[in-house]
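The next block is input_15.cif, given as mmCIF, C-alpha atoms.
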```cif
data_query
loop_
_atom_site.label_atom_id
_atom_site.label_comp_id
_atom_site.auth_asym_id
_atom_site.auth_seq_id
_atom_site.Cartn_x
_atom_site.Cartn_y
_atom_site.Cartn_z
CA MET R 1 181.48 138.18 31.84
CA HIS R 2 178.49 135.89 32.04
CA GLU R 3 180.66 133.17 33.52
CA ALA R 4 181.90 135.58 36.21
CA ALA R 5 178.29 136.50 37.05
CA ARG R 6 177.27 132.87 37.29
CA SER R 7 180.23 132.19 39.54
CA HIS R 8 179.26 135.12 41.77
CA ARG R 9 175.68 133.85 41.99
CA ARG R 10 176.86 130.34 42.88
CA SER R 11 179.14 131.78 45.57
CA ALA R 12 176.32 133.83 47.05
CA GLN R 13 174.01 130.82 46.94
CA ASN R 14 176.61 128.69 48.72
CA ARG R 15 176.95 131.34 51.39
CA ARG R 16 173.19 131.39 51.87
CA ILE R 17 173.07 127.60 52.06
CA GLY R 18 175.99 127.57 54.50
CA SER R 19 174.35 130.18 56.74
CA PHE R 20 171.04 128.34 56.75
CA THR R 21 172.79 125.06 57.59
CA LEU R 22 174.59 126.68 60.53
CA ILE R 23 171.32 128.04 61.89
CA GLU R 24 169.77 124.60 61.58
CA LEU R 25 172.70 123.07 63.39
CA LEU R 26 172.46 125.57 66.23
CA THR R 27 168.72 124.98 66.49
CA VAL R 28 169.19 121.22 66.71
CA MET R 29 171.90 121.66 69.33
CA ALA R 30 169.59 123.88 71.39
CA ILE R 31 166.79 121.32 71.18
CA ILE R 32 169.16 118.53 72.23
CA ALA R 33 170.38 120.62 75.18
CA ILE R 34 166.78 121.20 76.31
CA LEU R 35 165.92 117.50 76.01
CA VAL R 36 169.05 116.52 77.96
CA GLY R 37 168.14 118.99 80.69
CA LEU R 38 164.60 117.63 80.93
CA THR R 39 165.91 114.05 81.01
CA LEU R 40 168.40 114.81 83.76
CA ALA R 41 165.76 116.61 85.81
CA ALA R 42 163.41 113.65 85.49
CA ALA R 43 166.17 111.19 86.39
CA ASN R 44 167.11 113.25 89.43
CA GLY R 45 163.49 113.25 90.55
CA VAL R 46 163.31 109.46 90.22
CA TRP R 47 166.58 109.05 92.16
CA THR R 48 165.41 111.35 94.95
CA LYS R 49 162.15 109.45 95.30
CA ALA R 50 164.02 106.13 95.41
CA ALA R 51 166.52 107.49 97.95
CA ARG R 52 163.77 108.74 100.25
CA SER R 53 162.00 105.40 100.00
CA ARG R 54 165.22 103.55 100.84
CA ALA R 55 165.93 105.82 103.81
CA ALA R 56 162.43 105.29 105.17
CA SER R 57 162.85 101.51 104.86
CA GLU R 58 166.23 101.57 106.60
CA ILE R 59 164.89 103.71 109.43
CA GLN R 60 162.02 101.25 109.87
CA ALA R 61 164.44 98.30 109.95
CA MET R 62 166.71 100.00 112.49
CA SER R 63 163.71 100.98 114.61
CA THR R 64 162.61 97.35 114.74
CA ALA R 65 166.14 96.29 115.68
CA LEU R 66 166.22 98.95 118.43
CA GLU R 67 163.04 97.58 119.95
CA GLY R 68 164.63 94.12 119.99
CA TYR R 69 167.71 95.59 121.70
CA LYS R 70 165.57 97.26 124.35
CA THR R 71 163.60 94.06 124.97
CA ASP R 72 166.84 92.25 125.78
CA ASN R 73 168.72 95.04 127.56
CA GLY R 74 166.03 97.19 129.13
CA ILE R 75 167.22 100.40 127.45
CA TYR R 76 167.98 101.68 123.99
CA PRO R 77 171.66 101.96 123.06
CA PRO R 78 173.17 105.25 124.24
CA GLY R 79 174.06 107.53 121.35
CA ASN R 80 177.72 107.71 122.27
CA ILE R 81 180.60 105.38 121.48
CA THR R 82 182.53 106.23 124.67
CA ALA R 83 181.49 103.92 127.51
CA GLY R 84 179.99 105.79 130.43
CA ALA R 85 179.63 109.05 128.53
CA SER R 86 176.29 110.76 128.08
CA SER R 87 174.65 110.64 124.68
CA ILE R 88 174.83 113.65 122.42
CA LEU R 89 171.30 114.95 122.16
CA LEU R 90 170.85 116.12 118.61
CA GLY R 91 167.91 118.19 117.56
CA PRO R 92 166.53 121.69 117.06
CA PRO R 93 167.41 124.16 119.82
CA SER R 94 163.75 125.16 120.05
CA ALA R 95 163.09 121.74 121.59
CA GLY R 96 165.82 122.20 124.21
CA TYR R 97 168.49 120.25 122.36
CA GLU R 98 172.02 121.05 121.61
CA PHE R 99 172.07 122.83 118.25
CA ASP R 100 171.70 120.42 115.41
CA PRO R 101 174.96 120.45 113.41
CA VAL R 102 174.94 122.37 110.15
CA VAL R 103 176.51 119.44 108.34
CA ALA R 104 174.88 116.05 108.77
CA ASN R 105 178.24 114.32 108.56
CA SER R 106 179.67 116.20 111.53
CA ALA R 107 181.53 114.44 114.33
CA ASP R 108 178.41 114.54 116.52
CA TYR R 109 176.32 112.79 113.91
CA GLN R 110 178.99 110.19 113.18
CA ASN R 111 179.59 109.52 116.87
CA SER R 112 175.95 108.79 117.66
CA SER R 113 175.42 106.86 114.42
CA GLY R 114 178.57 104.86 115.12
CA ALA R 115 177.30 103.95 118.58
CA LEU R 116 174.07 102.75 117.02
CA TYR R 117 175.99 100.69 114.49
CA LEU R 118 178.07 98.93 117.17
CA ALA R 119 175.04 98.19 119.33
CA LEU R 120 172.92 96.73 116.56
CA SER R 121 175.70 94.81 114.83
CA GLY R 122 176.99 93.23 118.04
CA GLN R 123 180.56 94.37 117.41
CA ALA R 124 182.80 95.61 120.21
CA SER R 125 184.74 97.83 117.82
CA PHE R 126 184.83 98.71 114.15
CA ASN R 127 186.52 96.41 111.62
CA THR R 128 185.93 93.35 113.80
CA ALA R 129 183.56 90.43 113.64
CA PRO R 130 180.60 90.43 116.04
CA THR R 131 181.72 89.55 119.55
CA ALA R 132 181.18 85.91 120.49
CA GLY R 133 178.08 85.51 122.60
CA VAL R 134 176.84 89.05 121.84
CA LYS R 135 173.60 89.17 119.93
CA SER R 136 173.47 90.92 116.58
CA TYR R 137 170.19 92.72 116.01
CA MET R 138 170.82 93.85 112.46
CA SER R 139 173.23 93.16 109.63
CA PHE R 140 174.43 96.04 107.49
CA LYS R 141 175.54 95.99 103.87
CA ILE R 142 178.86 97.55 102.95
CA ASN R 143 177.10 100.37 101.10
CA GLN R 144 175.34 101.32 104.33
CA ILE R 145 178.58 101.99 106.19
CA GLY R 146 180.59 105.17 106.00
CA ASN R 147 184.39 104.77 106.23
CA PRO R 148 184.13 100.96 106.56
CA ALA R 149 187.91 100.57 106.91
CA ALA R 150 188.32 103.37 109.45
CA ALA R 151 187.99 103.57 113.20
CA ASN R 152 185.02 105.93 113.06
CA SER R 153 182.52 104.00 110.97
CA TYR R 154 178.86 105.01 110.98
CA ILE R 155 175.58 104.13 109.33
CA LYS R 156 175.11 106.31 106.27
CA ASP R 157 171.95 107.25 104.45
CA PRO R 158 171.48 107.24 100.66
CA TRP R 159 172.98 110.75 100.49
CA ASN R 160 176.22 109.45 102.08
CA ASN R 161 175.58 111.32 105.33
CA SER R 162 175.38 109.62 108.70
CA TYR R 163 171.95 108.90 110.12
CA GLY R 164 170.96 110.97 113.11
CA TYR R 165 170.32 108.98 116.28
CA SER R 166 169.45 110.44 119.63
CA THR R 167 168.16 109.03 122.88
CA GLY R 168 168.88 109.50 126.54
CA ASP R 169 172.15 108.78 128.28
CA ASN R 170 173.17 105.43 129.72
CA LYS R 171 171.64 105.90 133.13
CA THR R 172 169.32 103.28 134.54
CA PRO R 173 166.45 103.91 134.13
CA GLN R 174 167.40 105.60 130.91
CA VAL R 175 166.65 109.30 130.71
CA GLN R 176 165.31 110.17 127.31
CA TYR R 177 164.86 113.45 125.49
CA PRO R 178 163.52 112.59 122.06
CA TYR R 179 162.53 115.28 119.58
CA ASN R 180 159.38 113.37 118.72
CA GLY R 181 158.14 113.62 122.30
CA THR R 182 157.18 109.97 122.57
CA GLY R 183 159.72 108.91 125.19
CA PHE R 184 161.60 106.54 122.92
CA PHE R 185 164.34 107.50 120.48
CA ASP R 186 164.88 109.70 117.48
CA LEU R 187 166.22 108.26 114.24
CA TRP R 188 166.39 110.33 111.08
CA SER R 189 168.03 111.25 107.81
CA THR R 190 168.46 114.88 106.83
CA ALA R 191 167.69 113.75 103.25
CA GLY R 192 170.63 115.57 101.77
CA THR R 193 169.91 118.97 103.34
CA THR R 194 172.90 120.90 104.64
CA THR R 195 171.17 123.15 107.15
CA GLY R 196 170.32 122.11 110.67
CA GLY R 197 168.38 123.81 113.41
CA THR R 198 164.65 123.81 112.75
CA ALA R 199 164.91 122.84 109.07
CA THR R 200 163.33 119.45 109.63
CA ASN R 201 160.46 119.53 107.13
CA THR R 202 162.42 117.54 104.55
CA TRP R 203 163.88 115.05 107.00
CA ILE R 204 162.90 111.40 106.91
CA SER R 205 162.38 110.19 110.46
CA ASN R 206 160.73 107.74 112.81
CA TRP R 207 158.38 110.39 114.16
CA GLN R 208 156.73 111.40 110.89
#
```
Can you give me the file's structure in the form of structure tokens?
Amino acid sequence: MHEAARSHRRSAQNRRIGSFTLIELLTVMAIIAILVGLTLAAANGVWTKAARSRAASEIQAMSTALEGYKTDNGIYPPGNITAGASSILLGPPSAGYEFDPVVANSADYQNSSGALYLALSGQASFNTAPTAGVKSYMSFKINQIGNPAAANSYIKDPWNNSYGYSTGDNKTPQVQYPYNGTGFFDLWSTAGTTTGGTATNTWISNWQ
């Protein structure tokens, strides 16, 4: 009888120990989940800051290259790959532009960014070496090019979207309609945003 009682007490004690251990385990798991979440949030913040810094540096480098292009050619490169075609004027409709595409990797963005890439690299077409006798104003790393093996390459930002580039058409003298109102060109990254129109407060650009 006493042995049965002792056995019952041991069983109850084991159950209490097992329940307490499970609670401890769940508590530790919850703490780990919180710490992982905080770590990921901090890492994402660091990455975003680094990406914005890189985009600003690339925009500055391309802006310098564009000034060199204009010095030699008298105009900035038209934002259109098709020879003789007018540039696509990207920007908020409130500034008199065509509506800025909702997705930064749209055909309009890629077309104008591709035209910029060809002009600055000195290439006549994608997937070719710079044309002999044609000056190259900027070299691009492979991680800066979207679809490097395709016929519609473009300069991509750290968020893997094409940079926005807009200037006037290819008339002489060049007619220009920049969003920044300075009479030059617009060059920007949407910084990972997916909305267009007037949502420009998070963009990284040459006019801010």
### Query
Between R:Ser121, R:Tyr137, R:Asn127, R:Lys49, which one has atoms that come closest to R:Thr71, using only C-alpha atoms?
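Of the candidates, the smallest distance to R:Thr71 is held by R:Tyr137.
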### Query
Excluding same-chain residues fewer than 4 positions from stretch 148-164 of chain R, what lies within 7 Å of it counting only C-alpha atoms, as JSON, numbers by chain?
{"R": [51, 55, 104, 105, 109, 110, 113, 114, 117, 126, 127, 144, 187, 188, 189, 191, 192]}
### Query
Using all atoms listed in the file, which of R:Tyr69, R:Val46, R:Ala61, R:Tyr76 sits nearest R:Phe140?
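Going through R:Tyr69, R:Val46, R:Ala61, R:Tyr76 one by one, the smallest distance to R:Phe140 is for R:Ala61.
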### Query
Out of R:Tyr165, R:Trp47, R:Trp207, R:Phe184, which residue has the shortest atom-to-atom distance to R:Glu67 when counting all atoms listed in the file?
R:Phe184
### Task
Kindly give the distance, in Å, that separates atom CA of R:Asp186 and atom CA of R:Gln208, rounded to a single decimal.
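Value for the atom CA of R:Asp186-atom CA of R:Gln208 distance: 10.6 Å.
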### Task
Rounded to one decimal place, report the atom CA of R:Asn44-atom CA of R:Thr190 distance in Å.
17.5 Å
### Query
Just how far from atom CA of R:Leu118 is atom CA of R:Ile145, in Å to one decimal?
11.4 Å
### Query
Pick from R:Gln123, R:Thr48, R:Ser53, R:Gln60: nearest to R:Ser139, with only C-alpha atoms counted?
R:Gln123
### Task
For each of R:Thr128, R:Thr202, R:Leu120, R:Ala33, take the minimum atom-to-atom distance to R:Leu66, counting all atoms listed in the file, then give the residue where this is smallest.
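Checking each of R:Thr128, R:Thr202, R:Leu120, R:Ala33 against R:Leu66, counting all atoms listed in the file, the winner is R:Leu120.
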### Task
Return the single residue from R:Asn73, R:Asn80, R:Asn147, R:Thr39 that is closest to R:Thr167, with distances computed using only C-alpha atoms.
R:Asn80
